[in-house]
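Note sheet for the following structure.
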Amino acid sequence: MKKVLFLIVLLATMSTFAQNNIDKELLSQTPNCENVAFNSSRLIEHYFGKKEYDSIKVVLNRWEEFCGTTEPLFRLKVLEQIQSKTFSEEWMDSKYLMDFVFLYLDRVANSKDPNCKLIYERYKITFGYISFKSPLDDLTVIWANSLLENKDLQPLGRAFCLLYTNQTDSFWQVLKDQQIPGTKLQAVYNEHTLKTKKLSELNFGLMTGVMLPFGNLSTVVGVKPEFGIQFGMKKNRLQYDMTILIRSGETRQEYVVIYQGAPKMTNYYFGGYMGLDVAYELWKEKRHELDFLTGIAYDGFDAVEGDTNNNVKGKSINSLNLNLGLGFRFLGKKLNYWGFQAKYNFVNYDNNGGTDIRGNYISLILTANLFGNVQKNSMMERLKMK
């Protein structure tokens with residue numbers, strides 16, 4: 001009987017022990033980056049309050065060993081090294097350096113969004129498992145502000161402290177003015193701006209203006225309105241456009257052309273311009289731009305109207321057009337601009353056997369253009385290049 005009771009007790013004990021083991025396994029938490037980031041941030045807040053910067057360094061090292069370098073960790077490492085006067089760029093990977101800058105700026109921007117909690121939950125891995133508006137973010141602003149008071153602060157350290165105190169305009173100005181030459185941060189910024197500038201931009205515009213002729217061309221043909229379109233692309237400082245313009249209206253006076261072997265009086269005029277225009281950016285500041293313009297085109301007009309339905313051929317007088325001039329643009333906030341062009345056009349309308357209509361002309365053109373590259377525009381805004 002004793003043996004039976006002992007066996008029952010033993011089995012009950014083993015069952016209870018097994019149940020406890022299962023419960024322990026089910027309820028235990030496996031360490032992960034979210035838990036490590038949360039616990040690390042709490043410890044850093046604790047040690048910062050006590051000014052125990054050596055302990056902060058230990059926490060940062062363990063955090064990095066477990067999770068790798070995230071944006072919050074990168075930011076804290078920079079501040080800790082500036083604090084301990086051991087700041088160096090050697091550990092920074094140039095490939096990801098600007099990404100950490102952009103991630104911090106995105107964190108600041110997203111923190112102001114009414115839906116910041118939802119945004120964080122969706123992208124918490126990207127933001128290193130540190131929530132927006134966290135005490136750690138407030139801590140880094142306070143820490144960076146205190147470091148800025150140090151008169152011995154080096155230019156590179158000062159640039160990062162400007163960033164982490166949210167003085168972003170001043171931070172970008174340091175980079176735009178090339179105040180930290182020879183540093184990884186300056187080199188990476190220069191690479192990004194150069195790459196951004198090299199991106200091509202597409203152009204499409206509507207054009208309207210006037211042709212102001214000289215010499216016999218002015219006497220016979222007179223001033224003519226112009227309407228047209230242009231489309232092309234810009235890369236670096238050069239823009240290439242295919243331009244098509246039309247001109248219409250009767251001439252100022254009748255003139256003679258040789259039509260089907262005999263002289264014919266006419267005052268008919270329907271002209272056009274089709275060619276390649278090139279613009280070189282001479283000067284640009286904020287939303288204003290001055291360009292040098294040149295082009296080559298096929299230029300001419302119909303002197304006698306044809307009728308293709310009745311197989312009646314018309315009479316055209318054509319010429320090569322070489323032109324040059326200046327253009328001014330007012331760039332819009334979005335992907336557009338208004339432009340004004342003034343060009344001198346060299347033409348030679350050879351009306352063989354008819355009225356002399358030789359003469360060059362000036363063209364004054366207003367343009368309304370859709371222009372740009374969404375990716376380039378986004379990067380320029382991000383890098384404060386505008």
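Naming scheme: A, B, ... for chains in displayed order of the structure tokens; residues 1 onward per chain; ligands 1 onward as shown.
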
**Prompt:** Got a sec: who's within 7 Å of region 317-332 of chain A, counting only C-alpha atoms, leaving out chain neighbours fewer than 2 positions off, as a count of residues only?
**Reply:** 36

**Prompt:** Skipping near chain neighbours, those fewer than 6 positions away, what residues fall within 7 Å of Gly205 (chain A) using only C-alpha atoms, listed as a PyMOL selection string?
**Reply:** chain A and resi 229-231+367-370

Filtering to C-alpha atoms, could you give me those residues as a PDB file, in the first residue's frame?
ATOM      1  CA  ILE A 229       5.180  74.068 -78.079  1.00  0.00           C
ATOM      2  CA  GLN A 230       8.562  72.787 -76.949  1.00  0.00           C
ATOM      3  CA  PHE A 231       9.672  69.569 -75.310  1.00  0.00           C
ATOM      4  CA  THR A 367       6.590  80.254 -72.110  1.00  0.00           C
ATOM      5  CA  ALA A 368       4.627  78.305 -69.521  1.00  0.00           C
ATOM      6  CA  ASN A 369       6.430  75.056 -68.764  1.00  0.00           C
ATOM      7  CA  LEU A 370       6.033  71.832 -66.845  1.00  0.00           C
TER       8      LEU A 370
END

**Two-atom distance - CA of Tyr255 (chain A), CA of Asn309 (chain A) (Å)** =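 Straight-line distance from CA of Tyr255 (chain A) to CA of Asn309 (chain A) works out to 26.3 Å.
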
**Request:** Extract, using only C-alpha atoms, all DNA, RNA and protein residues at most 12 Å from Gly182 (chain A), discarding same-chain residues fewer than 6 positions from it, and format them as a list of chain:residue names.
**Result:**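 Result of the neighbour search: A:Glu89, A:Pro155, A:Leu156, A:Leu175, A:Val188, A:Tyr189, A:Asn190.
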
**Nearest-residue call for Leu147 (chain A), choices A:Glu34, A:Asp169, A:Glu80, A:Glu201, using only C-alpha atoms** =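 Of the candidates, the smallest distance to Leu147 (chain A) is held by A:Glu80.
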
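Distances here use only C-alpha atoms; by that measure, the residue among A:Thr69, A:Thr193, A:Thr251, A:Asn310 closest to Lys386 (chain A) is A:Thr193.
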
**Prompt:** Residues at most 12 Å from region 104-117 of chain A, counting only C-alpha atoms, excluding those fewer than 5 positions away in the same chain, as a count of residues only?
**Reply:** 38
